[in-house]
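Colleague: My structure is below; once you've seen it, I'll send some questions.
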Amino acid sequence: MISVPAEPTGRLSDAWRHCVGTGRVELALRRDYQDSLALLQRDIGFRYIRGHGLLSDGMGVYRPYDHEGVRHRHHSFTYVDQVVDAYLAAGIRPFLELGFMPEELASGTQTIFWWRGNVTPPRSHREWADLVRATLAHLVDRYGLDEVRTWPIEVWNEPNLPGFWQDADEKAYHRLYEVTAHAVKEVDAGLQVGGPAISPGADDWLDRFAEFAEHRDVPVDFVSKHAYTSGPAQHVPFGVHQTLAPASGLLDQFATPRDRLKGTRLAELPVHITEFNSSYRPDNPIHDTAFHAAYLAPVLAHGGDLVDSFSYWTFSDMFEETGVPTALFHGGFGLLTHRQVRKPTYHLYAFMARMGPDLLARGDDHLVTRHPDGRVTALAWAPVDPTGETPGPDRHVLRLSLPVAAREVFVRRSTVDEEHGNAYAAWRHMGSPRSPKRGQLDVLHEAAEPARTHRRLPAPEGRAELRLTLARHEITLVELSPVTDETPPWWDERRLLGGAAS
């Protein structure tokens with residue numbers, strides 16, 4: 001039995017909900033995407049959203065033209081405005097990622113993804129700086145300086161990878177960063193700019209980024225990197241499988257920037273993990289499973305101790321890094337493509353959103369908090385085997401002694417596991433239909449709902465003894481509320497069938 005203290009040990013960090021990823025920002029022009037975002041915000045409520053391609057050709061921002069033999073540049077923000085308007089209407093702000101390179105401004109032809117995001121340096125750094133200044137000046141003019149000052153501005157995405165930045169040229173990235181950061185500050189010194197947005201396995205870039213920033217006196221307001229635990233892709237038609245390291249590897253990666261930047265000018269800056277997940281591949285079906293929710297639960301519980309934010313990549317199945325989705329389930333944690341069917345990892349985040357602000361206890365398999373009104377909430381999860389060599393234990397027992405402000409409590413338990421709150425499992429049982437019929441979609445929506453149970457529990461001396469038996473890969477949220485009994489004195493359950501009073 002774990003005795004949870006009555007006094008808080010501190011505040012529960014909400015770094016997990018600071019930001020969420022979205023693939024390319026152009027998708028926000030779609031109505032179904034906006035509907036999904038509205039549901040996400042209703043259930044969870046993220047503060048920022050980050051995606052690729054703000055300056056790519058699909059957004060139509062950079063529009064050069066010739067007139068009377070002279071080259072001119074027109075900057076069009078029609079789609080940018082629609083995307084940002086959609087975000088703000090949903091109660092979420094943009095975490096701006098500056099990229100990729102407009103084709104007419106690019107120095108080369110190398111692209112990534114089917115929508116052809118150009119990943120080469122600018123042909124003219126002066127024109128690139130003009131583009132950055134024009135974009136931010138427009139946003140300030142439209143949304144107000146005080147508002148835009150709250151939007152972090154990240155320079156590029158994973159420049160350490162040759163797929164995202166031509167030849168992974170570090171010096172070329174440093175030059176791009178320097179030009180961009182100064183252009184940002186020329187619009188307003190209070191705007192936040194940072195980087196280098198590196199992928200896992202390139203932590204030495206952080207050392208050299210700090211040296212470069214200090215040597216060149218370059219503005220840096222935050223440090224960013226990414227974290228994943230998946231191994232090389234093992235391809236199958238329209239998908240991949242990958243090995244996974246333990247989820248603790250994500251926490252190790254979160255800790256890297258502050259460890260490596262000690263003693264540098266960047267040591268005390270905010271650290272944002274602007275992408276994290278088990279796998280970076282949207283076509284890896286691991287994202288859709290109950291295993292995945294249990295795998296990530298300790299990361300959400302502990303990650304805020306290490307960084308200022310960690311952003312799940314991505315919230316929606318409308319996620320096109322491997323092409324237009326060909327499968328019903330595709331990469332996002334929350335919403336089955338076009339149908340708003342929630343997945344187990346979505347429920348993990350929704351459970352976290354119902355935790356209280358005061359942290360009472362935290363362990364390898366549980367998190368306990370209290371709300372200002374006295375409610376106590378406990379999130380628990382079953383251990384998993386990330387190697388895949390075993391299915392993991394078929395049951396996991398957790399006993400908690402919880403401090404409550406009543407002699408009786410109402411207990412509400414919400415459960416997601418291999419059989420409950422698991423639309424993916426239901427879809428597999430029904431034969432994995434490629435295009436589910438309306439009745440099948442109704443079943444998937446029903447299957448996506450967590451199992452819920454309710455009971456009343458005595459709490460002598462202000463303590464409730466809670467025994468939880470978790471099934472394989474289960475996550476469960478238990479909410480304990482004080483009972484104020486208003487049952488009238490004549491009520492007698494034994495007389496429901498008309499029997500005489502005893």
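Labels for the structure tokens follow display order: chains A, B, ..., residues from 1 in each chain, ligands from 1.
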Each residue of range 103-215 of chain A with at least one atom at most 8 Å from range 261-274 of chain A should appear once, together with its nearest atom pair and the corresponding distance in Å (one decimal); atoms considered: only C-alpha atoms; ordering: chain, then increasing residue number; output as JSON lines.
Modeller:
{"residue": "A:Ala197", "atom": "CA", "partner": "A:Thr274", "partner_atom": "CA", "distance": 7.2}
{"residue": "A:Leu206", "atom": "CA", "partner": "A:Leu261", "partner_atom": "CA", "distance": 7.4}
{"residue": "A:Asp207", "atom": "CA", "partner": "A:Leu261", "partner_atom": "CA", "distance": 6.8}
{"residue": "A:Ala210", "atom": "CA", "partner": "A:Leu266", "partner_atom": "CA", "distance": 6.4}
{"residue": "A:Glu211", "atom": "CA", "partner": "A:Thr264", "partner_atom": "CA", "distance": 7.9}
{"residue": "A:Glu214", "atom": "CA", "partner": "A:Arg265", "partner_atom": "CA", "distance": 6.7}
Colleague: Could you write out that same residue set with N, CA, C and O atoms as an mmCIF file, in the first residue's frame?
Modeller:
data_model
loop_
_atom_site.group_PDB
_atom_site.id
_atom_site.type_symbol
_atom_site.label_atom_id
_atom_site.label_comp_id
_atom_site.auth_asym_id
_atom_site.auth_seq_id
_atom_site.Cartn_x
_atom_site.Cartn_y
_atom_site.Cartn_z
ATOM 1 N N ALA A 197 16.299 23.014 -33.425
ATOM 2 C CA ALA A 197 15.275 22.056 -33.862
ATOM 3 C C ALA A 197 15.866 20.759 -34.407
ATOM 4 O O ALA A 197 15.416 20.248 -35.416
ATOM 5 N N LEU A 206 24.119 21.026 -30.493
ATOM 6 C CA LEU A 206 23.784 21.981 -29.439
ATOM 7 C C LEU A 206 25.035 22.693 -28.943
ATOM 8 O O LEU A 206 25.021 23.912 -28.715
ATOM 9 N N ASP A 207 26.118 21.939 -28.775
ATOM 10 C CA ASP A 207 27.373 22.539 -28.309
ATOM 11 C C ASP A 207 27.840 23.615 -29.292
ATOM 12 O O ASP A 207 28.179 24.739 -28.891
ATOM 13 N N ALA A 210 25.616 26.756 -29.456
ATOM 14 C CA ALA A 210 25.894 27.683 -28.361
ATOM 15 C C ALA A 210 27.161 28.478 -28.624
ATOM 16 O O ALA A 210 27.219 29.705 -28.390
ATOM 17 N N GLU A 211 28.212 27.819 -29.120
ATOM 18 C CA GLU A 211 29.466 28.509 -29.438
ATOM 19 C C GLU A 211 29.251 29.544 -30.540
ATOM 20 O O GLU A 211 29.745 30.681 -30.463
ATOM 21 N N GLU A 214 27.269 32.621 -29.253
ATOM 22 C CA GLU A 214 28.065 33.510 -28.418
ATOM 23 C C GLU A 214 29.124 34.245 -29.238
ATOM 24 O O GLU A 214 29.318 35.462 -29.077
#
Colleague: Assign secondary structure with DSSP using the backbone only, and return the residues of range 281-468 of chain A in strand (DSSP E or B) as a PyMOL selection string.
Modeller: chain A and resi 309-312+316+321+323+335+342+358-362+366-370+376-381+395-403+408-416+451-458+463-468
Colleague: If we count only C-alpha atoms and set the cut-off at 12 Å, which residues sit around Leu161 in chain A, ignoring sequence neighbours fewer than 2 positions away in its own chain? Please answer as number ranges by chain.
Modeller: A: 112, 119, 156-159, 163-170, 173, 196-202, 205
Colleague: Could you list, as a tab-separated table (two decimals) with C-alpha atoms, in the first residue's frame, every residue within 9 Å of range 448-463 of chain A, counting only C-alpha atoms and ignoring same-chain residues fewer than 3 positions away?
Modeller:
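Writing the result to around-v2.tsv gives the following:
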chain	number	residue	atom	x	y	z
A	341	VAL	CA	-12.58	8.59	-33.75
A	342	ARG	CA	-10.34	8.99	-30.71
A	343	LYS	CA	-7.47	6.61	-29.96
A	344	PRO	CA	-5.96	5.39	-26.66
A	347	HIS	CA	-7.49	9.44	-23.98
A	401	SER	CA	-4.17	5.21	0.42
A	402	LEU	CA	-5.54	8.59	-0.63
A	403	PRO	CA	-6.20	11.65	1.55
A	404	VAL	CA	-9.75	12.95	1.05
A	405	ALA	CA	-11.81	15.65	2.71
A	406	ALA	CA	-14.81	13.45	3.53
A	407	ARG	CA	-15.82	10.25	5.28
A	408	GLU	CA	-17.20	8.85	2.03
A	409	VAL	CA	-16.21	9.50	-1.57
A	410	PHE	CA	-17.79	8.97	-4.97
A	411	VAL	CA	-15.34	7.07	-7.20
A	412	ARG	CA	-15.46	7.47	-10.95
A	413	ARG	CA	-13.07	5.28	-12.95
A	414	SER	CA	-12.36	5.65	-16.68
A	415	THR	CA	-10.41	2.85	-18.36
A	416	VAL	CA	-8.61	2.33	-21.66
A	417	ASP	CA	-6.92	-0.99	-22.45
A	420	HIS	CA	-11.92	-0.68	-23.87
A	421	GLY	CA	-11.54	2.78	-25.40
A	422	ASN	CA	-9.78	1.08	-28.28
A	423	ALA	CA	-11.21	1.73	-31.75
A	424	TYR	CA	-8.16	0.16	-33.38
A	426	ALA	CA	-12.51	-3.04	-32.75
A	443	VAL	CA	-19.32	0.89	-33.78
A	444	LEU	CA	-15.85	2.46	-33.92
A	445	HIS	CA	-17.09	5.61	-32.21
A	466	LEU	CA	-8.04	2.24	-3.34
A	480	LEU	CA	-12.64	10.78	-5.97
A	483	VAL	CA	-20.08	12.62	-0.94
Colleague: Excluding Ala233 in chain A and residues on its chain fewer than 5 positions from it, collect all residues at most 7 Å away from it, counting only C-alpha atoms, and give them as an NGL selection string.
Modeller: :A and (240-242)
Colleague: Just list the residues in range 119-277 of chain A DSSP gives helix (DSSP H, G or I) on the backbone, as a ChimeraX atom specification.
Modeller: /A:125-143,145-148,166-168,170-187,204-216,248-260
Colleague: May I have the residues within 12 Å of Tyr143 in chain A as a list of chain:residue names, using only C-alpha atoms and disregarding those fewer than 4 positions away in the same chain?
Modeller: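 The residues that qualify are A:Asp81, A:Val84, A:Asp85, A:Leu88, A:Arg93, A:Pro94, A:Leu136, A:Ala137, A:His138, A:Leu139, A:Glu147, A:Val148, A:Arg149, A:Thr150, A:Trp151.
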